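Undergrad: So I've got this file, structure06.txt, and it contains compact mmCIF, C-alpha atoms and all ligand atoms:
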# COMPACT_ATOMS: atom_id res chain seq x y z
CA MET A 27 5.39 -0.75 9.73
CA LYS A 28 3.35 -3.88 10.28
CA GLN A 29 4.84 -6.49 8.02
CA THR A 30 2.11 -9.05 7.59
CA ALA A 31 -0.97 -8.17 5.62
CA ASN A 32 -4.19 -9.83 6.78
CA ILE A 33 -5.43 -11.73 3.81
CA VAL A 34 -9.02 -12.88 3.23
CA SER A 35 -8.42 -16.41 1.99
CA ARG A 36 -10.14 -18.09 -0.95
CA GLN A 37 -11.99 -20.28 1.50
CA GLN A 38 -13.24 -17.20 3.36
CA TRP A 39 -14.69 -15.58 0.24
CA GLY A 40 -16.05 -18.85 -1.12
CA ALA A 41 -13.87 -19.30 -4.20
CA ALA A 42 -14.62 -21.99 -6.74
CA ALA A 43 -11.74 -24.42 -7.37
CA PRO A 44 -9.42 -23.41 -10.24
CA LYS A 45 -9.67 -25.42 -13.47
CA GLN A 46 -5.88 -25.58 -13.54
CA LYS A 47 -3.03 -24.15 -11.55
CA GLU A 48 0.50 -23.41 -12.77
CA SER A 49 3.36 -22.22 -10.58
CA LEU A 50 5.57 -19.24 -11.29
CA GLU A 51 9.12 -20.26 -12.17
CA GLY A 52 10.54 -18.55 -9.08
CA PRO A 53 10.05 -15.41 -7.00
CA ALA A 54 8.17 -12.77 -9.02
CA LYS A 55 10.49 -10.30 -10.78
CA LYS A 56 7.68 -7.90 -11.58
CA VAL A 57 4.61 -6.69 -9.76
CA VAL A 58 1.86 -5.36 -12.01
CA ILE A 59 -0.83 -3.10 -10.58
CA HIS A 60 -4.33 -3.23 -12.10
CA HIS A 61 -7.77 -1.91 -11.40
CA THR A 62 -10.87 -4.02 -11.87
CA ALA A 63 -12.61 -1.13 -13.71
CA LEU A 64 -15.76 -2.25 -11.89
CA GLN A 65 -17.50 -0.72 -8.87
CA SER A 66 -15.44 0.06 -5.83
CA CYS A 67 -16.02 -2.06 -2.76
CA LYS A 68 -16.55 -0.92 0.79
CA GLY A 69 -17.06 -3.58 3.44
CA LEU A 70 -15.82 -7.10 3.85
CA SER A 71 -19.07 -8.82 2.92
CA GLU A 72 -19.47 -6.67 -0.19
CA GLY A 73 -15.88 -7.54 -1.05
CA LYS A 74 -16.52 -11.26 -0.77
CA ASP A 75 -19.56 -10.98 -3.07
CA ARG A 76 -17.51 -8.97 -5.51
CA LEU A 77 -14.71 -11.55 -5.52
CA ARG A 78 -17.14 -14.35 -6.37
CA SER A 79 -18.64 -12.33 -9.21
CA ILE A 80 -15.21 -11.40 -10.65
CA GLN A 81 -14.16 -15.03 -10.48
CA ARG A 82 -17.34 -16.06 -12.33
CA LEU A 83 -16.72 -13.38 -14.97
CA HIS A 84 -13.11 -14.49 -15.49
CA MET A 85 -13.88 -18.22 -15.59
CA LYS A 86 -17.19 -18.27 -17.48
CA GLU A 87 -16.88 -15.34 -19.87
CA ARG A 88 -13.15 -15.03 -20.37
CA HIS A 89 -12.48 -18.75 -19.96
CA PHE A 90 -9.60 -18.25 -17.55
CA ASP A 91 -8.61 -21.12 -15.25
CA ASP A 92 -9.39 -19.01 -12.20
CA ILE A 93 -9.82 -15.38 -11.15
CA GLY A 94 -7.10 -13.60 -13.14
CA TYR A 95 -5.25 -11.70 -10.39
CA ASN A 96 -3.02 -12.93 -7.58
CA PHE A 97 -4.53 -10.51 -5.06
CA LEU A 98 -7.32 -7.91 -4.97
CA ILE A 99 -7.56 -4.88 -2.74
CA GLY A 100 -10.75 -3.33 -1.33
CA GLY A 101 -11.25 0.38 -0.68
CA ASP A 102 -11.05 -0.21 3.09
CA GLY A 103 -7.66 -1.91 2.66
CA SER A 104 -8.96 -5.49 2.78
CA VAL A 105 -6.67 -7.86 0.90
CA PHE A 106 -8.35 -10.75 -0.89
CA GLU A 107 -6.46 -13.82 -2.05
CA GLY A 108 -6.94 -14.34 -5.77
CA ARG A 109 -4.63 -17.00 -7.20
CA GLY A 110 -2.32 -16.22 -4.30
CA TRP A 111 1.45 -16.45 -3.95
CA GLY A 112 3.63 -18.42 -6.34
CA VAL A 113 0.84 -19.07 -8.84
CA MET A 114 0.90 -17.84 -12.43
CA GLY A 115 -1.94 -15.40 -13.04
CA ALA A 116 -3.81 -14.25 -16.14
CA HIS A 117 -3.57 -10.47 -15.99
CA THR A 118 -0.78 -9.07 -18.21
CA LYS A 119 -0.33 -10.66 -21.61
CA GLY A 120 3.29 -11.73 -22.19
CA HIS A 121 4.30 -11.11 -18.56
CA ASN A 122 2.35 -13.62 -16.51
CA ARG A 123 5.22 -16.09 -16.07
CA ASP A 124 7.39 -13.90 -13.88
CA SER A 125 4.97 -11.42 -12.38
CA LEU A 126 2.43 -10.99 -9.66
CA GLY A 127 -0.83 -9.18 -10.50
CA ILE A 128 -2.55 -7.05 -7.88
CA ALA A 129 -5.88 -5.37 -8.64
CA PHE A 130 -7.41 -2.44 -6.78
CA MET A 131 -11.19 -2.83 -6.84
CA GLY A 132 -12.81 0.14 -8.52
CA ASN A 133 -12.37 2.36 -11.55
CA PHE A 134 -9.43 4.64 -10.90
CA ASN A 135 -10.00 6.89 -13.86
CA ASN A 136 -12.61 8.37 -11.49
CA ASP A 137 -11.83 6.97 -8.02
CA THR A 138 -8.76 7.85 -6.01
CA PRO A 139 -6.97 5.01 -4.21
CA SER A 140 -7.47 5.18 -0.44
CA LYS A 141 -4.60 5.48 2.03
CA GLU A 142 -5.73 2.15 3.51
CA ALA A 143 -5.51 0.40 0.14
CA ILE A 144 -2.04 1.80 -0.56
CA LEU A 145 -0.83 0.79 2.90
CA SER A 146 -2.22 -2.73 2.50
CA VAL A 147 -0.40 -3.19 -0.79
CA LYS A 148 2.85 -2.00 0.79
CA GLN A 149 2.40 -4.56 3.56
CA LEU A 150 1.52 -7.25 1.06
CA LEU A 151 4.63 -6.52 -1.02
CA MET A 152 6.77 -6.51 2.08
CA SER A 153 5.40 -9.89 3.20
CA GLY A 154 5.95 -11.25 -0.30
CA VAL A 155 9.60 -10.20 -0.30
CA LEU A 156 10.25 -11.44 3.25
CA GLU A 157 8.62 -14.79 2.51
CA GLY A 158 10.52 -15.23 -0.76
CA PHE A 159 7.59 -14.92 -3.20
CA ILE A 160 8.84 -11.63 -4.70
CA GLU A 161 12.42 -10.76 -5.58
CA PRO A 162 13.77 -7.97 -3.36
CA GLN A 163 14.71 -5.96 -6.47
CA PHE A 164 11.35 -6.43 -8.18
CA VAL A 165 10.11 -3.81 -10.62
CA LEU A 166 6.66 -2.31 -10.05
CA TYR A 167 4.57 -1.53 -13.12
CA GLY A 168 1.14 -0.21 -13.90
CA HIS A 169 -0.57 -2.49 -16.45
CA ARG A 170 -0.43 0.33 -19.05
CA ASP A 171 3.40 0.21 -18.92
CA LEU A 172 3.24 -3.30 -20.39
CA GLY A 173 0.25 -3.25 -22.73
CA THR A 174 -2.24 -1.10 -24.58
CA THR A 175 -4.76 -0.40 -21.86
CA GLU A 176 -5.95 2.41 -19.58
CA CYS A 177 -5.50 0.06 -16.63
CA PRO A 178 -4.93 0.82 -13.72
CA GLY A 179 -6.69 4.15 -14.36
CA LYS A 180 -5.06 7.55 -14.25
CA ASN A 181 -5.44 8.26 -10.52
CA LEU A 182 -4.03 4.91 -9.43
CA TYR A 183 -1.25 5.13 -12.01
CA ALA A 184 -0.30 8.51 -10.56
CA ALA A 185 -0.15 6.97 -7.07
CA LEU A 186 2.27 4.16 -8.00
CA SER A 187 5.26 6.19 -6.85
CA LYS A 188 3.95 5.75 -3.28
CA LEU A 189 4.29 2.01 -3.70
CA ARG A 190 7.68 2.23 -5.39
CA SER A 191 9.05 4.22 -2.47
CA SER A 192 8.30 1.28 -0.19
CA ARG A 193 11.11 -0.74 -1.78
CA LYS A 194 13.51 1.29 0.33
CA HIS A 195 12.03 -0.47 3.37
CA PHE A 196 12.63 -3.87 1.78
CA ARG A 197 16.33 -3.14 1.45
CA GLU A 198 16.52 -1.90 5.00
CA GLY A 199 14.69 -5.07 6.01
CA GLN A 200 17.39 -7.20 4.46
CA GLU A 201 19.92 -5.43 6.61
CA GLY A 202 17.87 -6.18 9.69
CA ASP A 203 16.99 -2.57 10.03
CA VAL A 204 13.18 -2.43 10.04
ZN ZN B 301 -4.91 -4.48 -15.90
Here is the file; what I need is its structure written in the form of structure tokens.
TA:
Amino acid sequence: MKQTANIVSRQQWGAAAPKQKESLEGPAKKVVIHHTALQSCKGLSEGKDRLRSIQRLHMKERHFDDIGYNFLIGGDGSVFEGRGWGVMGAHTKGHNRDSLGIAFMGNFNNDTPSKEAILSVKQLLMSGVLEGFIEPQFVLYGHRDLGTTECPGKNLYAALSKLRSSRKHFREGQEGDV
């Protein structure tokens, strides 16, 4: 499996500067999967527009310091940098200090996550572990496991086992076996 996800950087999607930025205390112990509950996104340019509008929503209406999530995933498997690695997000009340928040773009009560999106998240998680941003024994949650919410939608929640199974590769990776 390819181990490095191609990430559309903040600069590439035209992010506004964060009001404040706080680091995580160490490698993330938890990864929390969300959906944006907004429209799905198809191409790269649509994705960039969507990122700017989500950032505006989070900063202007919710008064967050920045877009809430660490990364966002498009339907075609594009990975967009939100707050990025090592930065505390605003996505899961009570769990932001030791977790990484990844949002699939779309409403997954209706949509089904694409193979490309699932594969991109696997690659992203693998890069995060290899680069020391995520603990190798991290626990993967759907937002609804940690709070009263429908997020990440029933179809994405049902697909989380596909992401959990990828941890096997991380352990093999540590043994130099990938
Ligand atoms: Zn959520």
Undergrad: Considering all atoms listed in the file, state which residue in the set A:Asp75, A:Asn181, A:Val57, A:Glu51 is at the smallest distance from Asp137 (chain A).
TA: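 When distances to Asp137 (chain A) are compared using all atoms listed in the file, the smallest one comes from A:Asn181.
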Undergrad: Tell me which residues come within 10 Å of (-7.6, -23.9, -16.2), as a ChimeraX atom specification, counting all atoms listed in the file in the file's coordinates.
TA: /A:43-48,85,89-92
Undergrad: Rounded to one decimal in Å, what is the spacing between CA of Leu189 (chain A) and CA of Ile80 (chain A)?
TA: 24.7 Å
Undergrad: Which residue gives the smallest distance to Ala116 (chain A) among A:Val147, A:Lys68, A:Arg78, A:His60, with all atoms listed in the file counted?
TA: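 Result for the nearest residue to Ala116 (chain A): A:His60.
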Undergrad: Would you mind listing what lies within 9 Å of Lys188 (chain A) as a list in words, with all atoms listed in the file counted and same-chain residues fewer than 3 positions away left out?
TA: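 Returned residues: Ile144, Lys148, Ala184, Ala185, Ser191 and Ser192 of chain A.
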Undergrad: Would you tabulate, counting all atoms listed in the file, all residues of chain A that have an atom at most 9 Å from an atom of ligand ZN 301 (chain B), showing the closest pair of atoms and their distance in Å to one decimal, sorted by chain then ascending number, as a tab-separated table?
TA:
residue	atom	partner	partner_atom	distance
A:Val58	CA	B:ZN301	ZN	7.9
A:Ile59	CA	B:ZN301	ZN	6.8
A:His60	CA	B:ZN301	ZN	4.0
A:His61	CA	B:ZN301	ZN	5.9
A:Thr62	CA	B:ZN301	ZN	7.2
A:Ala63	CA	B:ZN301	ZN	8.7
A:His117	CA	B:ZN301	ZN	6.1
A:Thr118	CA	B:ZN301	ZN	6.6
A:Gly127	CA	B:ZN301	ZN	8.2
A:Ile128	CA	B:ZN301	ZN	8.7
A:Ala129	CA	B:ZN301	ZN	7.4
A:Gly168	CA	B:ZN301	ZN	7.7
A:His169	CA	B:ZN301	ZN	4.8
A:Arg170	CA	B:ZN301	ZN	7.3
A:Gly173	CA	B:ZN301	ZN	8.6
A:Thr175	CA	B:ZN301	ZN	7.2
A:Glu176	CA	B:ZN301	ZN	7.9
A:Cys177	CA	B:ZN301	ZN	4.6
A:Pro178	CA	B:ZN301	ZN	5.7
A:Gly179	CA	B:ZN301	ZN	8.9
Undergrad: Residues as selected, C-alpha atoms, written as a PDB file, in the coordinates of the input, can you do that?
TA:
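Now in result_9.pdb:
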ATOM      1  CA  VAL A  58       1.860  -5.360 -12.010  1.00  0.00           C
ATOM      2  CA  ILE A  59      -0.830  -3.100 -10.580  1.00  0.00           C
ATOM      3  CA  HIS A  60      -4.330  -3.230 -12.100  1.00  0.00           C
ATOM      4  CA  HIS A  61      -7.770  -1.910 -11.400  1.00  0.00           C
ATOM      5  CA  THR A  62     -10.870  -4.020 -11.870  1.00  0.00           C
ATOM      6  CA  ALA A  63     -12.610  -1.130 -13.710  1.00  0.00           C
ATOM      7  CA  HIS A 117      -3.570 -10.470 -15.990  1.00  0.00           C
ATOM      8  CA  THR A 118      -0.780  -9.070 -18.210  1.00  0.00           C
ATOM      9  CA  GLY A 127      -0.830  -9.180 -10.500  1.00  0.00           C
ATOM     10  CA  ILE A 128      -2.550  -7.050  -7.880  1.00  0.00           C
ATOM     11  CA  ALA A 129      -5.880  -5.370  -8.640  1.00  0.00           C
ATOM     12  CA  GLY A 168       1.140  -0.210 -13.900  1.00  0.00           C
ATOM     13  CA  HIS A 169      -0.570  -2.490 -16.450  1.00  0.00           C
ATOM     14  CA  ARG A 170      -0.430   0.330 -19.050  1.00  0.00           C
ATOM     15  CA  GLY A 173       0.250  -3.250 -22.730  1.00  0.00           C
ATOM     16  CA  THR A 175      -4.760  -0.400 -21.860  1.00  0.00           C
ATOM     17  CA  GLU A 176      -5.950   2.410 -19.580  1.00  0.00           C
ATOM     18  CA  CYS A 177      -5.500   0.060 -16.630  1.00  0.00           C
ATOM     19  CA  PRO A 178      -4.930   0.820 -13.720  1.00  0.00           C
ATOM     20  CA  GLY A 179      -6.690   4.150 -14.360  1.00  0.00           C
TER      21      GLY A 179
END
Undergrad: Between A:Ser104, A:Ser49, A:Thr174, A:Ser146, which one has atoms that come closest to Asn122 (chain A), using only C-alpha atoms?
TA: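 Closest candidate: A:Ser49.
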